>>> print(open('structure02.cif').read())   # mmCIF, C-alpha atoms and all ligand atoms
data_run
loop_
_atom_site.label_atom_id
_atom_site.label_comp_id
_atom_site.auth_asym_id
_atom_site.auth_seq_id
_atom_site.Cartn_x
_atom_site.Cartn_y
_atom_site.Cartn_z
CA MET A 935 -41.96 171.29 36.33
CA SER A 936 -42.94 172.35 32.90
CA ASN A 937 -44.08 175.78 32.00
CA TYR A 938 -45.47 175.08 28.59
CA PRO A 939 -48.34 177.20 27.31
CA ALA A 940 -51.70 175.61 28.14
CA LEU A 941 -54.75 175.17 25.91
CA PHE A 942 -58.16 174.52 27.46
CA LEU A 943 -60.79 172.79 25.33
CA HIS A 944 -64.49 173.42 25.09
CA HIS A 945 -66.58 171.17 27.29
CA ASN A 946 -67.75 168.89 24.45
CA LYS A 947 -64.39 168.68 22.69
CA ALA A 948 -62.33 166.81 25.26
CA HIS A 949 -63.79 163.37 24.55
CA ALA A 950 -61.98 163.01 21.21
CA VAL A 951 -58.63 163.56 22.92
CA ARG A 952 -59.60 161.18 25.73
CA ARG A 953 -60.09 158.61 22.99
CA PHE A 954 -56.53 159.31 21.84
CA HIS A 955 -57.37 161.20 18.69
CA PRO A 956 -54.13 163.10 18.07
CA TRP A 957 -55.49 166.33 16.55
CA VAL A 958 -57.00 169.29 18.36
CA PHE A 959 -58.83 171.46 15.86
CA SER A 960 -58.73 175.22 16.34
CA GLY A 961 -62.48 175.33 16.97
CA ALA A 962 -62.07 173.03 19.98
CA VAL A 963 -59.89 175.50 21.88
CA LYS A 964 -61.75 177.60 24.40
CA ARG A 965 -58.86 179.58 25.82
CA LYS A 966 -55.09 179.73 25.98
CA GLU A 967 -52.66 180.49 28.76
CA GLY A 968 -49.38 181.73 27.38
CA ASN A 969 -48.76 182.74 23.83
CA PRO A 970 -47.62 179.70 21.85
CA ASP A 971 -46.00 180.15 18.47
CA GLN A 972 -45.97 177.78 15.51
CA GLY A 973 -44.10 174.59 16.48
CA ASP A 974 -44.03 175.26 20.23
CA ILE A 975 -44.83 172.51 22.70
CA VAL A 976 -48.12 172.99 24.51
CA GLU A 977 -50.15 171.12 27.08
CA VAL A 978 -53.85 170.44 26.51
CA PHE A 979 -56.45 170.42 29.29
CA SER A 980 -60.17 169.95 29.60
CA GLU A 981 -62.27 172.96 30.52
CA ASN A 982 -61.89 172.02 34.21
CA GLY A 983 -58.14 171.62 34.05
CA GLU A 984 -57.84 167.84 33.65
CA PHE A 985 -54.60 167.08 31.79
CA LEU A 986 -55.30 165.54 28.36
CA GLY A 987 -52.08 165.54 26.42
CA MET A 988 -49.04 167.26 25.02
CA GLY A 989 -48.22 168.23 21.49
CA HIS A 990 -46.92 170.73 18.95
CA PHE A 991 -48.84 173.91 18.39
CA GLY A 992 -49.87 175.01 14.92
CA THR A 993 -51.64 178.13 13.72
CA GLY A 994 -53.63 176.32 10.99
CA SER A 995 -56.88 174.39 11.28
CA VAL A 996 -55.19 171.87 13.57
CA SER A 997 -54.09 173.72 16.70
CA VAL A 998 -52.25 170.85 18.33
CA ARG A 999 -50.79 167.60 17.04
CA LEU A 1000 -50.54 165.47 20.15
CA PHE A 1001 -47.55 163.22 20.67
CA SER A 1002 -48.39 162.14 24.20
CA PHE A 1003 -51.50 161.61 26.29
CA GLU A 1004 -49.40 161.53 29.45
CA LYS A 1005 -47.19 164.15 31.04
CA VAL A 1006 -43.69 164.06 29.63
CA ASP A 1007 -40.70 165.20 31.65
CA ASP A 1008 -37.96 164.10 29.35
CA LEU A 1009 -38.82 164.70 25.72
CA THR A 1010 -35.66 163.08 24.36
CA GLU A 1011 -36.56 159.94 26.27
CA LEU A 1012 -40.07 160.00 24.78
CA TRP A 1013 -38.67 160.26 21.23
CA ARG A 1014 -36.28 157.42 21.98
CA LYS A 1015 -39.13 155.22 23.19
CA ARG A 1016 -41.17 156.03 20.10
CA PHE A 1017 -38.26 155.15 17.78
CA VAL A 1018 -37.57 151.89 19.65
CA SER A 1019 -41.24 150.93 19.46
CA ALA A 1020 -41.31 151.81 15.77
CA PHE A 1021 -38.25 149.64 15.14
CA GLU A 1022 -39.80 146.74 17.09
CA LEU A 1023 -42.92 146.98 14.94
CA ARG A 1024 -40.83 146.83 11.72
CA LYS A 1025 -39.00 143.82 13.12
CA ALA A 1026 -42.29 142.12 13.95
CA ALA A 1027 -43.45 142.83 10.40
CA GLY A 1028 -40.34 141.14 9.00
CA LEU A 1029 -38.89 144.34 7.57
CA ALA A 1030 -36.10 145.58 9.81
CA ARG A 1031 -33.22 143.07 9.75
CA SER A 1032 -34.62 141.31 6.69
CA THR A 1033 -32.03 140.10 4.19
CA ASN A 1034 -34.48 140.55 1.33
CA THR A 1035 -35.66 144.07 2.08
CA ASN A 1036 -33.53 146.90 3.43
CA ALA A 1037 -35.76 149.88 2.76
CA TYR A 1038 -38.75 150.69 4.92
CA ARG A 1039 -40.59 153.52 6.62
CA LEU A 1040 -39.31 153.71 10.18
CA ILE A 1041 -41.56 156.50 11.43
CA ASN A 1042 -45.03 156.97 9.99
CA ALA A 1043 -46.24 160.12 11.74
CA GLU A 1044 -49.41 159.55 13.81
CA GLY A 1045 -49.15 155.82 13.13
CA ASP A 1046 -46.00 155.79 15.26
CA GLY A 1047 -47.07 158.39 17.81
CA MET A 1048 -45.00 161.07 16.07
CA PRO A 1049 -47.44 163.40 14.28
CA GLY A 1050 -45.70 165.49 11.64
CA LEU A 1051 -42.70 163.20 11.21
CA ILE A 1052 -41.74 160.75 8.47
CA VAL A 1053 -38.48 158.85 8.55
CA ASP A 1054 -37.68 156.47 5.70
CA TYR A 1055 -34.70 154.15 5.95
CA TYR A 1056 -32.85 153.28 2.74
CA ASN A 1057 -30.10 150.74 3.36
CA GLY A 1058 -27.98 152.92 5.62
CA THR A 1059 -29.47 156.35 4.92
CA ALA A 1060 -32.35 157.80 6.88
CA VAL A 1061 -34.40 160.48 5.15
CA ILE A 1062 -36.29 162.74 7.54
CA GLN A 1063 -39.35 164.58 6.29
CA ALA A 1064 -40.95 166.89 8.82
CA HIS A 1065 -44.48 168.11 8.17
CA SER A 1066 -44.51 170.33 11.23
CA LYS A 1067 -42.11 172.91 12.52
CA GLY A 1068 -42.30 171.34 15.96
CA MET A 1069 -40.93 168.02 14.74
CA HIS A 1070 -38.39 169.73 12.49
CA ARG A 1071 -36.88 171.48 15.50
CA GLU A 1072 -36.18 168.13 17.13
CA LYS A 1073 -34.23 166.70 14.19
CA ASP A 1074 -30.82 166.67 15.84
CA LYS A 1075 -32.23 164.53 18.63
CA PHE A 1076 -33.62 162.11 16.06
CA VAL A 1077 -30.17 161.81 14.50
CA GLU A 1078 -28.68 160.84 17.87
CA ILE A 1079 -31.40 158.24 18.40
CA LEU A 1080 -30.89 156.84 14.90
CA LYS A 1081 -27.14 156.59 15.51
CA GLN A 1082 -27.74 154.70 18.75
CA GLY A 1083 -30.19 152.37 17.06
CA TYR A 1084 -28.36 151.56 13.84
CA GLY A 1085 -24.73 151.98 14.97
CA ASP A 1086 -22.23 151.68 12.12
CA LYS A 1087 -24.95 150.72 9.68
CA LEU A 1088 -26.12 154.33 9.58
CA LYS A 1089 -24.09 156.20 6.97
CA ALA A 1090 -26.13 159.36 6.46
CA VAL A 1091 -29.19 161.28 7.55
CA TYR A 1092 -30.80 163.63 5.03
CA ASP A 1093 -33.32 166.25 6.07
CA LYS A 1094 -35.79 166.70 3.23
CA SER A 1095 -38.36 168.94 4.82
CA SER A 1096 -38.30 172.16 2.82
CA ALA A 1097 -41.15 171.17 0.50
CA THR A 1098 -43.34 169.64 3.19
CA LEU A 1099 -42.86 172.53 5.61
CA HIS A 1100 -43.24 175.06 2.84
CA HIS A 1101 -46.60 173.66 1.74
CA LYS A 1102 -48.17 173.93 5.14
CA ALA A 1103 -50.17 177.09 5.18
CA ASP A 1104 -49.37 177.40 8.86
CA THR A 1105 -45.61 177.56 8.44
CA ASP A 1106 -43.19 180.40 8.02
CA ALA A 1107 -41.84 180.03 4.50
CA LYS A 1108 -38.52 181.54 5.38
CA ASP A 1109 -37.85 178.94 8.06
CA ALA A 1110 -38.38 176.16 5.61
CA ALA A 1111 -36.67 177.47 2.51
CA ASN A 1112 -33.68 175.47 1.34
CA SER A 1113 -33.43 173.43 4.48
CA ASP A 1114 -32.76 170.20 2.57
CA SER A 1115 -29.36 169.05 3.75
CA TYR A 1116 -27.37 166.26 5.32
CA ILE A 1117 -27.40 166.37 9.08
CA MET A 1118 -25.09 163.40 9.28
CA GLY A 1119 -22.71 161.94 6.68
CA HIS A 1120 -23.33 162.22 2.96
CA ALA A 1121 -24.68 159.81 0.35
CA SER A 1122 -26.90 161.11 -2.42
CA GLU A 1123 -28.22 157.75 -3.58
CA THR A 1124 -28.04 154.06 -2.82
CA ILE A 1125 -29.21 150.73 -4.14
CA VAL A 1126 -31.84 149.18 -1.89
CA LYS A 1127 -33.37 145.74 -1.90
CA GLU A 1128 -37.10 145.18 -1.78
CA ASN A 1129 -38.30 141.58 -1.71
CA GLY A 1130 -34.97 140.73 -3.33
CA HIS A 1131 -35.39 143.24 -6.20
CA GLN A 1132 -32.91 146.10 -6.48
CA PHE A 1133 -33.76 149.76 -6.84
CA ASN A 1134 -31.52 152.77 -7.01
CA VAL A 1135 -33.03 155.40 -4.72
CA ASN A 1136 -32.06 159.06 -5.03
CA TRP A 1137 -33.60 161.10 -2.19
CA GLU A 1138 -32.07 164.38 -3.34
CA LEU A 1139 -33.62 164.34 -6.82
CA GLY A 1140 -36.52 161.95 -6.29
CA GLN A 1141 -40.12 162.60 -5.35
CA LYS A 1142 -41.14 162.46 -1.67
CA THR A 1143 -38.28 160.81 0.21
CA GLY A 1144 -37.05 159.12 -2.97
CA PHE A 1145 -39.09 155.93 -3.32
CA PHE A 1146 -42.69 154.80 -2.89
CA LEU A 1147 -42.25 152.26 -0.11
CA ASP A 1148 -46.00 152.09 0.42
CA GLN A 1149 -46.55 149.92 -2.67
CA ARG A 1150 -44.18 147.13 -1.58
CA ASP A 1151 -46.83 144.50 -0.78
CA ASN A 1152 -48.95 145.43 -3.78
CA ARG A 1153 -45.97 145.05 -6.13
CA LEU A 1154 -45.44 141.59 -4.70
CA LEU A 1155 -49.07 140.73 -5.43
CA LEU A 1156 -48.57 141.86 -9.03
CA SER A 1157 -45.87 139.16 -9.35
CA ARG A 1158 -48.68 136.58 -9.13
CA TYR A 1159 -50.61 138.08 -12.03
CA ALA A 1160 -47.71 138.95 -14.35
CA PRO A 1161 -46.19 135.66 -15.61
CA GLY A 1162 -46.59 135.41 -19.38
CA LYS A 1163 -48.70 138.57 -19.50
CA LYS A 1164 -48.50 141.90 -21.28
CA VAL A 1165 -48.45 144.51 -18.53
CA LEU A 1166 -48.98 148.27 -18.62
CA ASN A 1167 -47.64 150.17 -15.59
CA THR A 1168 -48.94 153.74 -15.58
CA PHE A 1169 -47.53 156.46 -13.31
CA CYS A 1170 -44.51 154.20 -12.99
CA TYR A 1171 -42.11 156.60 -11.17
CA SER A 1172 -38.88 154.60 -10.73
CA GLY A 1173 -40.46 151.40 -12.05
CA GLY A 1174 -41.48 149.62 -8.86
CA PHE A 1175 -44.31 147.59 -10.36
CA SER A 1176 -42.43 147.16 -13.66
CA VAL A 1177 -39.40 145.54 -12.03
CA TYR A 1178 -41.59 143.00 -10.25
CA ALA A 1179 -43.60 142.26 -13.41
CA VAL A 1180 -40.47 141.70 -15.50
CA ALA A 1181 -38.91 139.50 -12.82
CA ALA A 1182 -42.10 137.43 -12.63
CA GLY A 1183 -41.79 136.65 -16.35
CA ALA A 1184 -44.18 139.07 -18.03
CA SER A 1185 -44.05 138.69 -21.82
CA MET A 1186 -43.84 142.50 -22.17
CA VAL A 1187 -44.01 145.44 -19.77
CA HIS A 1188 -44.77 149.03 -20.79
CA SER A 1189 -44.07 151.79 -18.25
CA VAL A 1190 -45.46 155.32 -18.53
CA ASP A 1191 -44.67 158.47 -16.58
CA SER A 1192 -44.82 162.14 -17.52
CA SER A 1193 -41.45 162.73 -15.87
CA GLU A 1194 -38.42 162.08 -18.10
CA LYS A 1195 -36.36 161.45 -14.99
CA ALA A 1196 -38.81 158.84 -13.73
CA VAL A 1197 -38.69 157.04 -17.08
CA LYS A 1198 -34.89 157.07 -17.05
CA TRP A 1199 -34.85 155.66 -13.53
CA THR A 1200 -37.33 152.96 -14.55
CA ASP A 1201 -35.05 151.90 -17.41
CA GLU A 1202 -32.07 151.87 -15.05
CA ASN A 1203 -33.86 149.80 -12.44
CA ILE A 1204 -35.01 147.29 -15.06
CA ALA A 1205 -31.41 147.04 -16.31
CA LEU A 1206 -30.14 146.60 -12.76
CA ASN A 1207 -32.36 143.55 -12.22
CA ASN A 1208 -33.07 142.05 -15.65
CA PRO A 1209 -30.95 143.58 -18.41
CA GLY A 1210 -32.44 142.98 -21.84
CA ALA A 1211 -35.87 142.15 -20.43
CA PRO A 1212 -38.96 142.75 -22.60
CA HIS A 1213 -39.64 146.27 -21.34
CA GLN A 1214 -40.36 149.60 -22.97
CA SER A 1215 -40.92 152.91 -21.22
CA TYR A 1216 -42.66 156.04 -22.42
CA ALA A 1217 -42.38 159.62 -21.17
CA ASP A 1218 -45.99 160.65 -21.67
CA HIS A 1219 -49.10 161.83 -19.89
CA VAL A 1220 -51.12 158.78 -18.94
CA PHE A 1221 -54.43 160.14 -20.26
CA ASP A 1222 -52.80 160.89 -23.64
CA PHE A 1223 -51.02 157.56 -23.70
CA LEU A 1224 -54.22 155.63 -23.01
CA LYS A 1225 -56.00 157.32 -25.92
CA THR A 1226 -53.74 155.64 -28.47
CA ALA A 1227 -52.53 152.70 -26.41
CA ASP A 1228 -52.62 149.07 -27.53
CA ASN A 1229 -55.79 147.24 -26.57
CA ASP A 1230 -54.17 143.91 -25.81
CA TYR A 1231 -52.89 144.43 -22.27
CA ASP A 1232 -53.59 141.60 -19.83
CA VAL A 1233 -52.72 143.61 -16.74
CA ILE A 1234 -52.86 147.38 -16.15
CA VAL A 1235 -51.57 149.19 -13.06
CA LEU A 1236 -53.05 152.62 -12.26
CA ASP A 1237 -51.15 154.35 -9.46
CA PRO A 1238 -51.67 158.08 -9.95
CA PRO A 1239 -50.38 160.79 -7.61
CA ALA A 1240 -52.89 162.12 -5.07
CA PHE A 1241 -55.49 163.77 -7.32
CA ALA A 1242 -56.93 165.57 -4.28
CA LYS A 1243 -54.56 167.28 -1.88
CA GLY A 1244 -57.41 168.76 0.16
CA GLN A 1245 -61.16 168.62 0.73
CA SER A 1246 -61.86 171.28 -1.89
CA ALA A 1247 -60.30 169.18 -4.66
CA ARG A 1248 -62.20 166.05 -3.74
CA HIS A 1249 -65.01 166.25 -6.25
CA ALA A 1250 -62.67 166.87 -9.18
CA ALA A 1251 -60.41 164.07 -7.96
CA ILE A 1252 -63.22 161.52 -7.88
CA LYS A 1253 -64.10 162.46 -11.46
CA ALA A 1254 -60.47 162.04 -12.49
CA TYR A 1255 -60.28 158.59 -10.85
CA THR A 1256 -63.46 157.62 -12.68
CA ARG A 1257 -62.11 158.77 -16.04
CA LEU A 1258 -58.76 157.05 -15.55
CA ASN A 1259 -60.32 153.72 -14.58
CA GLN A 1260 -62.83 153.97 -17.38
CA GLU A 1261 -60.02 154.37 -19.95
CA ALA A 1262 -58.23 151.34 -18.53
CA PHE A 1263 -61.40 149.21 -18.46
CA LYS A 1264 -62.10 150.13 -22.09
CA LYS A 1265 -58.59 149.12 -23.16
CA ILE A 1266 -57.97 145.92 -21.28
CA LYS A 1267 -58.35 142.45 -22.79
CA LYS A 1268 -61.23 140.20 -21.79
CA GLY A 1269 -60.17 138.37 -18.66
CA GLY A 1270 -57.65 141.09 -17.84
CA VAL A 1271 -56.75 142.41 -14.41
CA VAL A 1272 -56.50 146.04 -13.27
CA PHE A 1273 -54.59 147.14 -10.17
CA THR A 1274 -56.12 150.50 -9.33
CA PHE A 1275 -55.09 152.85 -6.50
CA SER A 1276 -55.80 156.14 -4.82
CA CYS A 1277 -53.40 157.73 -2.34
CA SER A 1278 -55.59 160.79 -1.71
CA GLN A 1279 -56.21 160.94 2.02
CA VAL A 1280 -59.47 162.88 1.58
CA VAL A 1281 -60.91 160.30 -0.81
CA ASP A 1282 -61.89 157.41 1.45
CA ARG A 1283 -62.33 153.81 0.41
CA GLU A 1284 -66.03 154.14 -0.16
CA MET A 1285 -65.63 157.14 -2.45
CA PHE A 1286 -62.83 155.44 -4.33
CA THR A 1287 -64.89 152.29 -4.80
CA GLY A 1288 -67.70 154.53 -6.00
CA ALA A 1289 -65.42 156.04 -8.65
CA VAL A 1290 -64.35 152.57 -9.84
CA THR A 1291 -68.01 151.49 -9.92
CA SER A 1292 -68.94 154.47 -12.10
CA ALA A 1293 -66.03 153.62 -14.39
CA ALA A 1294 -67.26 150.04 -14.65
CA ILE A 1295 -70.75 151.22 -15.59
CA GLU A 1296 -69.47 153.76 -18.13
CA SER A 1297 -67.15 151.22 -19.75
CA GLY A 1298 -69.87 148.60 -20.09
CA ARG A 1299 -67.59 145.87 -18.78
CA ASN A 1300 -68.40 143.31 -16.11
CA ILE A 1301 -66.02 143.82 -13.21
CA ARG A 1302 -65.34 141.67 -10.18
CA VAL A 1303 -63.16 142.57 -7.23
CA LEU A 1304 -60.31 140.15 -6.46
CA HIS A 1305 -58.42 142.03 -3.74
CA HIS A 1306 -58.89 145.02 -1.47
CA LEU A 1307 -55.47 146.60 -1.01
CA SER A 1308 -53.98 149.12 1.34
CA GLN A 1309 -50.67 150.33 2.74
CA PRO A 1310 -48.07 147.95 4.21
CA ALA A 1311 -47.13 147.31 7.83
CA ASP A 1312 -44.42 149.97 7.93
CA HIS A 1313 -47.19 152.53 7.31
CA PRO A 1314 -49.21 151.59 10.40
CA VAL A 1315 -52.44 153.37 11.25
CA SER A 1316 -53.39 154.17 14.82
CA ILE A 1317 -56.80 152.67 15.51
CA PHE A 1318 -57.65 156.01 17.14
CA ASN A 1319 -56.68 157.96 14.02
CA PRO A 1320 -58.26 156.18 11.05
CA GLU A 1321 -57.41 159.21 8.90
CA GLY A 1322 -53.92 157.73 8.72
CA LEU A 1323 -55.13 155.22 6.16
CA TYR A 1324 -54.51 156.94 2.85
CA LEU A 1325 -53.63 154.23 0.31
CA LYS A 1326 -56.57 152.33 -1.13
CA GLY A 1327 -56.46 149.85 -3.94
CA LEU A 1328 -58.59 147.32 -5.76
CA VAL A 1329 -57.55 144.50 -8.00
CA VAL A 1330 -60.37 143.81 -10.43
CA TYR A 1331 -61.07 141.17 -13.04
CA VAL A 1332 -62.48 142.61 -16.24
CA GLU A 1333 -64.65 140.68 -18.70
N1 LIG A 1401 -46.28 153.56 -8.89
C1 LIG A 1401 -45.09 154.28 -8.50
C2 LIG A 1401 -45.40 155.56 -7.74
C3 LIG A 1401 -46.25 156.53 -8.51
S1 LIG A 1401 -46.05 158.18 -8.00
C4 LIG A 1401 -44.20 153.37 -7.67
O1 LIG A 1401 -44.59 152.23 -7.39
O2 LIG A 1401 -43.11 153.78 -7.32
C5 LIG A 1401 -46.90 159.04 -9.23
C6 LIG A 1401 -46.12 159.25 -10.52
O3 LIG A 1401 -47.02 159.79 -11.47
C7 LIG A 1401 -44.97 160.23 -10.46
O4 LIG A 1401 -43.79 159.60 -10.90
C8 LIG A 1401 -45.35 161.37 -11.42
O5 LIG A 1401 -44.24 161.84 -12.19
C9 LIG A 1401 -46.33 160.70 -12.32
N2 LIG A 1401 -47.36 161.53 -12.94
C10 LIG A 1401 -48.09 162.51 -12.38
N3 LIG A 1401 -49.04 162.95 -13.23
C11 LIG A 1401 -48.90 162.22 -14.38
C12 LIG A 1401 -49.59 162.17 -15.62
N4 LIG A 1401 -50.63 162.97 -15.86
N5 LIG A 1401 -49.18 161.29 -16.53
C13 LIG A 1401 -48.13 160.47 -16.29
N6 LIG A 1401 -47.46 160.46 -15.14
C14 LIG A 1401 -47.83 161.31 -14.19
#
>>> encode(input="structure02.cif", output="structure tokens", more="lines below")
Ligand code: SAH
Amino acid sequence: MSNYPALFLHHNKAHAVRRFHPWVFSGAVKRKEGNPDQGDIVEVFSENGEFLGMGHFGTGSVSVRLFSFEKVDDLTELWRKRFVSAFELRKAAGLARSTNTNAYRLINAEGDGMPGLIVDYYNGTAVIQAHSKGMHREKDKFVEILKQGYGDKLKAVYDKSSATLHHKADTDAKDAANSDSYIMGHASETIVKENGHQFNVNWELGQKTGFFLDQRDNRLLLSRYAPGKKVLNTFCYSGGFSVYAVAAGASMVHSVDSSEKAVKWTDENIALNNPGAPHQSYADHVFDFLKTADNDYDVIVLDPPAFAKGQSARHAAIKAYTRLNQEAFKKIKKGGVVFTFSCSQVVDREMFTGAVTSAAIESGRNIRVLHHLSQPADHPVSIFNPEGLYLKGLVVYVE
């Protein structure tokens, strides 16, 4: 049988794991048998030796990220089961095997029972992003499973983990450095379809794994509000919301991003779908842009990057969300609609709503909520790990 290092939890700390919470915090560990290193597989037990689960060890504030609450003999078989289950979920959600959409998140970390692992599928290329050394070590197995699952459809697998491993305080920088590479095939970019719209996705040069798949449903909702309207899409990245707005018949769409590359990609994606459409993009900081922006927008999208990456930045982030929303509320036409988002995991829905409320008060506008938005089905959240819900959005009507 196994001879993994064993971690025994304090008496009052086992219940969280019994309720399938996948993180064991360092303070919960009473004692260790064996000397696990970053990324090693460990078994977790109650104080009295009752088996609780198995996971990857980390030297940071989370000591173990659990991937199983049962004993596992064959790890490869466990990964295979997790991938199959993940694929089934995407099929059930109408994503895998759709003719309209061929880009989706296949593995969403804890939400798919694979803490520390993201796999995004872009029309034949899988991009792997490991957030833990333990998952990164298993990448060759994941490639085999992906090959079995997708067959000839799979053209390439790109490992884009250097930034995510590097940023973890609990990871050896030298292990992570420059590890971005193809582990199968080669294809640096591809055109994907999302709800019938086309996007060129470049995982090598793009942010995250190349595209923000998590806004798919919310972009679709924007289509309902865009016909005949003047739309401002801030923090546009590769133009996701802009492409939908143009296709829906917006009278004019303005896209803003501080990255020149993002603006170029937005223009290219607009041209790919609707050449000559009424669209203008601006390489500018959103706060600067808003200061001198037109005040006749009917619809404004606010999708900033995570303002808070950790607990310590939370207060400043909430202030920044307030300021951003306030600027938009001041600018927008009477009867206009604002799509406002936060993807900061540490800012929960209540705090985000609080920031939008403060912005409403400061701007002096009457604001009503039309939709409460979140992340789509290919970013599932385990009911036992509500922390997995990171994307929050509101659509508000401004008078
Ligand atoms: N809405 C996009 C994703 C946004 S990601 C989509 O649907 O794909 C956040 C974007 O904000 C990034 O492209 C980043 O370059 C940009 N960004 C970050 N800070 C900015 C700022 N102060 N002003 C303008 N753009 C900014």
>>> residues_near_ligand(input="structure02.cif", ligand="ligand LIG 1401 (chain A)", cutoff="9 Å", atoms="only C-alpha atoms and all ligand atoms", output="MDAnalysis selection string")
chainID A and resid 1140:1141 1145:1150 1152:1153 1167:1176 1190:1197 1217:1223 1235:1241
>>> residues_near_point(input="structure02.cif", point="(-52.3, 162.3, 27.8)", cutoff="8 Å", atoms="only C-alpha atoms", output="MDAnalysis selection string")
chainID A and resid 952 954 985:988 1002:1005
>>> closest_residue(input="structure02.cif", among="A:Ser1019, A:Thr1098, A:Ser1246, A:Ser960", to="Gly1045 in chain A", atoms="all atoms listed in the file")
A:Ser1019
>>> residues_around(input="structure02.cif", residues="Lys1087 in chain A", least_positions_apart="5", cutoff="9 Å", atoms="all atoms listed in the file", output="list in words")
Asn1057, Gly1058, Thr1059 and Lys1081 of chain A
>>> write_last_selection(input="structure02.cif", atoms="C-alpha atoms", output="PDB file, in the coordinates of the input")
ATOM      1  CA  ASN A1057     -30.100 150.740   3.360  1.00  0.00           C
ATOM      2  CA  GLY A1058     -27.980 152.920   5.620  1.00  0.00           C
ATOM      3  CA  THR A1059     -29.470 156.350   4.920  1.00  0.00           C
ATOM      4  CA  LYS A1081     -27.140 156.590  15.510  1.00  0.00           C
TER       5      LYS A1081
END
>>> closest_residue(input="structure02.cif", among="A:Asn1034, A:Ser980, A:Ser1113, A:Thr1143", to="Ala1060 in chain A", atoms="only C-alpha atoms")
A:Thr1143
>>> decode(input="structure02.cif", residues="range 1150-1161 of chain A", atoms="N, CA and C atoms", output="tab-separated table (two decimals), in the first residue's frame")
chain	number	residue	atom	x	y	z
A	1150	ARG	N	-18.51	34.49	-21.05
A	1150	ARG	CA	-19.30	34.06	-22.21
A	1150	ARG	C	-20.79	34.37	-22.07
A	1151	ASP	N	-21.40	33.94	-20.97
A	1151	ASP	CA	-22.84	34.12	-20.79
A	1151	ASP	C	-23.20	35.60	-20.65
A	1152	ASN	N	-22.30	36.35	-20.01
A	1152	ASN	CA	-22.58	37.76	-19.76
A	1152	ASN	C	-22.48	38.57	-21.05
A	1153	ARG	N	-21.58	38.14	-21.94
A	1153	ARG	CA	-21.49	38.78	-23.27
A	1153	ARG	C	-22.78	38.56	-24.03
A	1154	LEU	N	-23.30	37.34	-23.91
A	1154	LEU	CA	-24.55	37.01	-24.60
A	1154	LEU	C	-25.69	37.90	-24.10
A	1155	LEU	N	-25.71	38.11	-22.79
A	1155	LEU	CA	-26.74	38.98	-22.21
A	1155	LEU	C	-26.62	40.40	-22.76
A	1156	LEU	N	-25.38	40.85	-22.96
A	1156	LEU	CA	-25.18	42.21	-23.50
A	1156	LEU	C	-25.84	42.35	-24.87
A	1157	SER	N	-25.87	41.25	-25.64
A	1157	SER	CA	-26.50	41.29	-26.98
A	1157	SER	C	-27.93	41.82	-26.90
A	1158	ARG	N	-28.60	41.52	-25.78
A	1158	ARG	CA	-30.00	41.95	-25.63
A	1158	ARG	C	-30.14	43.44	-25.41
A	1159	TYR	N	-29.08	44.04	-24.84
A	1159	TYR	CA	-29.17	45.46	-24.48
A	1159	TYR	C	-28.51	46.36	-25.51
A	1160	ALA	N	-27.80	45.77	-26.50
A	1160	ALA	CA	-26.97	46.58	-27.39
A	1160	ALA	C	-27.64	47.12	-28.66
A	1161	PRO	N	-28.70	46.47	-29.19
A	1161	PRO	CA	-29.22	46.93	-30.48
A	1161	PRO	C	-29.55	48.43	-30.50
